[in-house]
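Down below is the structure, laid out as structure tokens.
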Amino acid sequence: MSDTVLIPGGRDVRATLDTAASDGAREGSDDAPRADAVVVACPPHPQQRGHRGDERLRAVSDALTDRGVDCLRFDYGDWDEGYGETTDADAAVGWARERYDRVGLFGFSFGGTVALVAAASRPDLAGVCALAPTARLNPDVDAVAALGDLAERGVPARVLYATRDSTADWEPVVERAGELGIETVAFESDHFFVGRSGTVGEAAAAFLGERLAAD
């Protein structure tokens, strides 16, 4: 099940909320309980046709909803060189925090950097997973610096990357993660994970789903 969501704030941010189907929901019940955990998913570069329907975001969402976790996939507002886009991610997390007990963050490529930076200012997050993040979007949206903040604040993080990625500047992110003891997972793939979306979706969902599970 999916619903369209408008994220409050000064920018036009729209999202799709994919909800985990309970047994009651599958049987057509309107009062089936909603999940108490959600992952906010940040899309790749909006100027390179990145959007909330990206196949890697959908793969993560499918794997999460199978685990009983909802997923909020959003589109950024007007292009703002990484600044407004990070604000959009934070606004989406704020929307989620008002409605769910536990919230995680995921992002792919440009969105992976956005997710890491947004998570660094949200110590209440259950975890963040970045797929093929680039090191920096601008002088202030810096994934390498964000990793230090995440480690200091104790926010669980995982970085997934492709060994044949010639698109994103991922090496500084992976190197810094290793220095900090943050888990990294390598895939023999290119930046777009052609034919591997399901595999990386499972890897992201396994990490986030474990941290979003109820005590």
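Each chain of the structure tokens is named A, B, ... in the order shown, its residues numbered from 1; ligands are numbered from 1 in display order.
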Please provide the set of residues having any atom within 10 Å of Asp165 of chain A, restricted to only C-alpha atoms, with same-chain residues fewer than 4 positions apart removed, written as number ranges by chain. A: 132, 161, 169-171, 187-193
Those residues you just picked out, can you put them in a file as an mmCIF file, in the first residue's frame with N, CA and C atoms?
data_model
loop_
_atom_site.group_PDB
_atom_site.id
_atom_site.type_symbol
_atom_site.label_atom_id
_atom_site.label_comp_id
_atom_site.auth_asym_id
_atom_site.auth_seq_id
_atom_site.Cartn_x
_atom_site.Cartn_y
_atom_site.Cartn_z
ATOM 1 N N ALA A 132 26.441 4.112 -1.995
ATOM 2 C CA ALA A 132 27.260 4.834 -2.967
ATOM 3 C C ALA A 132 27.254 6.341 -2.749
ATOM 4 N N TYR A 161 28.948 0.342 -0.917
ATOM 5 C CA TYR A 161 29.593 0.981 -2.066
ATOM 6 C C TYR A 161 29.911 -0.049 -3.140
ATOM 7 N N ASP A 169 32.505 10.099 -5.809
ATOM 8 C CA ASP A 169 33.786 10.162 -5.096
ATOM 9 C C ASP A 169 33.616 9.469 -3.745
ATOM 10 N N TRP A 170 33.532 8.134 -3.788
ATOM 11 C CA TRP A 170 33.176 7.353 -2.611
ATOM 12 C C TRP A 170 34.370 6.962 -1.734
ATOM 13 N N GLU A 171 35.584 6.945 -2.303
ATOM 14 C CA GLU A 171 36.734 6.446 -1.560
ATOM 15 C C GLU A 171 36.974 7.176 -0.235
ATOM 16 N N PHE A 187 30.326 -4.099 -2.955
ATOM 17 C CA PHE A 187 29.658 -4.888 -3.991
ATOM 18 C C PHE A 187 30.472 -4.788 -5.273
ATOM 19 N N GLU A 188 30.653 -5.904 -5.935
ATOM 20 C CA GLU A 188 31.333 -5.908 -7.221
ATOM 21 C C GLU A 188 30.335 -5.407 -8.258
ATOM 22 N N SER A 189 30.327 -4.091 -8.468
ATOM 23 C CA SER A 189 29.299 -3.482 -9.312
ATOM 24 C C SER A 189 29.756 -2.101 -9.732
ATOM 25 N N ASP A 190 28.952 -1.477 -10.611
ATOM 26 C CA ASP A 190 29.173 -0.078 -10.953
ATOM 27 C C ASP A 190 28.304 0.795 -10.045
ATOM 28 N N HIS A 191 28.330 2.098 -10.284
ATOM 29 C CA HIS A 191 27.619 3.027 -9.410
ATOM 30 C C HIS A 191 26.117 2.760 -9.362
ATOM 31 N N PHE A 192 25.564 2.275 -10.460
ATOM 32 C CA PHE A 192 24.114 2.127 -10.551
ATOM 33 C C PHE A 192 23.619 0.740 -10.127
ATOM 34 N N PHE A 193 24.536 -0.135 -9.773
ATOM 35 C CA PHE A 193 24.184 -1.463 -9.285
ATOM 36 C C PHE A 193 23.236 -2.185 -10.250
#
Per-residue DSSP, segment 50-188 of chain A, filtered to strand (DSSP E), as a PyMOL selection string: chain A and resi 70-75+102-108+127-131+157-162+183-187
Would you please work out which residue, of A:Thr87, A:Ser166, A:Ser109, A:Ser61, is nearest to Ala204 of chain A when using only C-alpha atoms?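 Looking at the shortest contact to Ala204 of chain A, the residue is A:Ser61.
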With distances taken over only C-alpha atoms, which residue among A:Ala118, A:Ala41, A:Ala91, A:Ala20 lies nearest Arg67 of chain A? A:Ala20
Which polymer residues have any atom within 10 Å of an atom of Ala157 of chain A, counting only C-alpha atoms, with same-chain residues fewer than 6 positions away left out, as a ChimeraX atom specification? /A:104-106,116,119,126-130,147,150-151,177,181-184,207-208
Give me a file of those residues, with all heavy atoms, as a tab-separated table (two decimals), in the first residue's frame.
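again_32.tsv written:
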chain	number	residue	atom	x	y	z
A	104	GLY	N	14.54	5.62	10.70
A	104	GLY	CA	15.86	5.46	10.10
A	104	GLY	C	15.96	6.27	8.83
A	104	GLY	O	14.97	6.78	8.31
A	105	LEU	N	17.19	6.38	8.30
A	105	LEU	CA	17.43	7.13	7.07
A	105	LEU	C	18.20	6.28	6.08
A	105	LEU	O	19.12	5.53	6.46
A	105	LEU	CB	18.24	8.39	7.37
A	105	LEU	CG	17.55	9.76	7.35
A	105	LEU	CD1	18.56	10.83	7.72
A	105	LEU	CD2	16.93	10.06	6.01
A	106	PHE	N	17.84	6.41	4.80
A	106	PHE	CA	18.55	5.74	3.72
A	106	PHE	C	18.71	6.74	2.59
A	106	PHE	O	17.86	7.61	2.39
A	106	PHE	CB	17.78	4.51	3.22
A	106	PHE	CG	18.35	3.94	1.95
A	106	PHE	CD1	19.47	3.12	1.98
A	106	PHE	CD2	17.80	4.26	0.72
A	106	PHE	CE1	20.03	2.62	0.81
A	106	PHE	CE2	18.34	3.77	-0.47
A	106	PHE	CZ	19.45	2.94	-0.42
A	116	LEU	N	23.51	10.94	5.23
A	116	LEU	CA	24.55	10.96	6.26
A	116	LEU	C	24.61	12.32	6.96
A	116	LEU	O	24.70	12.40	8.18
A	116	LEU	CB	25.91	10.62	5.65
A	116	LEU	CG	26.10	9.18	5.17
A	116	LEU	CD1	27.41	9.04	4.41
A	116	LEU	CD2	26.05	8.21	6.34
A	119	ALA	N	21.47	12.87	9.07
A	119	ALA	CA	21.50	12.00	10.26
A	119	ALA	C	22.43	12.54	11.33
A	119	ALA	O	22.21	12.34	12.53
A	119	ALA	CB	21.91	10.60	9.87
A	126	ALA	N	17.33	5.82	14.65
A	126	ALA	CA	17.71	4.44	14.95
A	126	ALA	C	18.90	3.99	14.13
A	126	ALA	O	19.63	3.08	14.52
A	126	ALA	CB	16.53	3.51	14.69
A	127	GLY	N	19.13	4.62	12.98
A	127	GLY	CA	20.25	4.25	12.14
A	127	GLY	C	20.18	4.92	10.79
A	127	GLY	O	19.13	5.43	10.39
A	128	VAL	N	21.31	4.92	10.07
A	128	VAL	CA	21.38	5.49	8.72
A	128	VAL	C	22.21	4.57	7.85
A	128	VAL	O	23.23	4.03	8.28
A	128	VAL	CB	21.96	6.93	8.74
A	128	VAL	CG1	23.34	6.95	9.40
A	128	VAL	CG2	22.04	7.51	7.33
A	129	CYS	N	21.76	4.37	6.62
A	129	CYS	CA	22.47	3.54	5.65
A	129	CYS	C	22.60	4.33	4.35
A	129	CYS	O	21.60	4.82	3.82
A	129	CYS	CB	21.72	2.24	5.40
A	129	CYS	SG	22.58	1.11	4.27
A	130	ALA	N	23.84	4.47	3.87
A	130	ALA	CA	24.10	5.22	2.64
A	130	ALA	C	24.63	4.29	1.58
A	130	ALA	O	25.59	3.53	1.81
A	130	ALA	CB	25.09	6.34	2.91
A	147	LEU	N	30.35	11.60	9.08
A	147	LEU	CA	30.66	10.30	9.69
A	147	LEU	C	31.26	10.47	11.08
A	147	LEU	O	30.95	9.71	12.00
A	147	LEU	CB	31.61	9.51	8.80
A	147	LEU	CG	31.02	8.95	7.50
A	147	LEU	CD1	32.14	8.35	6.65
A	147	LEU	CD2	29.95	7.91	7.78
A	150	LEU	N	28.44	11.29	13.42
A	150	LEU	CA	27.62	10.11	13.68
A	150	LEU	C	28.29	9.19	14.71
A	150	LEU	O	27.65	8.68	15.62
A	150	LEU	CB	27.38	9.34	12.38
A	150	LEU	CG	26.46	10.01	11.36
A	150	LEU	CD1	26.53	9.29	10.02
A	150	LEU	CD2	25.02	10.04	11.86
A	151	ALA	N	29.60	8.99	14.54
A	151	ALA	CA	30.32	8.13	15.47
A	151	ALA	C	30.33	8.74	16.86
A	151	ALA	O	30.14	8.04	17.87
A	151	ALA	CB	31.76	7.92	14.97
A	177	ALA	N	35.07	5.93	7.13
A	177	ALA	CA	34.23	4.98	7.86
A	177	ALA	C	35.09	3.89	8.49
A	177	ALA	O	34.89	3.51	9.65
A	177	ALA	CB	33.19	4.37	6.92
A	181	GLY	N	35.50	2.82	12.52
A	181	GLY	CA	34.86	1.56	12.88
A	181	GLY	C	33.43	1.45	12.41
A	181	GLY	O	32.66	0.63	12.93
A	182	ILE	N	33.04	2.28	11.43
A	182	ILE	CA	31.70	2.20	10.86
A	182	ILE	C	31.70	1.13	9.77
A	182	ILE	O	32.59	1.09	8.92
A	182	ILE	CB	31.28	3.57	10.28
A	182	ILE	CG1	31.09	4.58	11.41
A	182	ILE	CG2	30.01	3.46	9.44
A	182	ILE	CD1	30.85	6.01	10.95
A	183	GLU	N	30.70	0.29	9.79
A	183	GLU	CA	30.66	-0.85	8.88
A	183	GLU	C	30.52	-0.40	7.43
A	183	GLU	O	29.73	0.49	7.10
A	183	GLU	CB	29.47	-1.74	9.24
A	183	GLU	CG	29.38	-3.00	8.38
A	183	GLU	CD	28.17	-3.85	8.73
A	183	GLU	OE1	27.28	-3.37	9.46
A	183	GLU	OE2	28.14	-5.00	8.26
A	184	THR	N	31.30	-1.01	6.55
A	184	THR	CA	31.18	-0.81	5.11
A	184	THR	C	30.99	-2.17	4.44
A	184	THR	O	31.51	-3.18	4.91
A	184	THR	CB	32.42	-0.12	4.52
A	184	THR	OG1	33.57	-0.96	4.70
A	184	THR	CG2	32.67	1.24	5.17
A	207	PHE	N	20.17	-4.17	7.68
A	207	PHE	CA	20.80	-3.31	8.68
A	207	PHE	C	19.78	-2.42	9.38
A	207	PHE	O	19.70	-2.38	10.61
A	207	PHE	CB	21.87	-2.46	8.00
A	207	PHE	CG	22.47	-1.40	8.89
A	207	PHE	CD1	23.46	-1.72	9.81
A	207	PHE	CD2	22.04	-0.09	8.81
A	207	PHE	CE1	24.00	-0.75	10.64
A	207	PHE	CE2	22.57	0.90	9.63
A	207	PHE	CZ	23.56	0.57	10.55
A	208	LEU	N	18.97	-1.72	8.60
A	208	LEU	CA	18.01	-0.79	9.19
A	208	LEU	C	16.90	-1.53	9.92
A	208	LEU	O	16.47	-1.11	10.99
A	208	LEU	CB	17.42	0.10	8.09
A	208	LEU	CG	18.41	1.13	7.51
A	208	LEU	CD1	17.85	1.74	6.24
A	208	LEU	CD2	18.74	2.22	8.53
Got a sec: who's within 10 Å of Ala203 of chain A, counting only C-alpha atoms, leaving out chain neighbours fewer than 3 positions off, as a ChimeraX atom specification? /A:60,63,129,131,158,160,185,197-200,206-209
Nearest to Arg14 of chain A: which of A:Glu98, A:Glu152, A:Asp75, A:Asp90 is it, counting only C-alpha atoms? A:Asp75
Distance criterion (only C-alpha atoms): nearest to Thr19 of chain A out of A:Val5, A:Val38, A:Leu137, A:Val114: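 The answer is A:Val38, which sits nearest to Thr19 of chain A.
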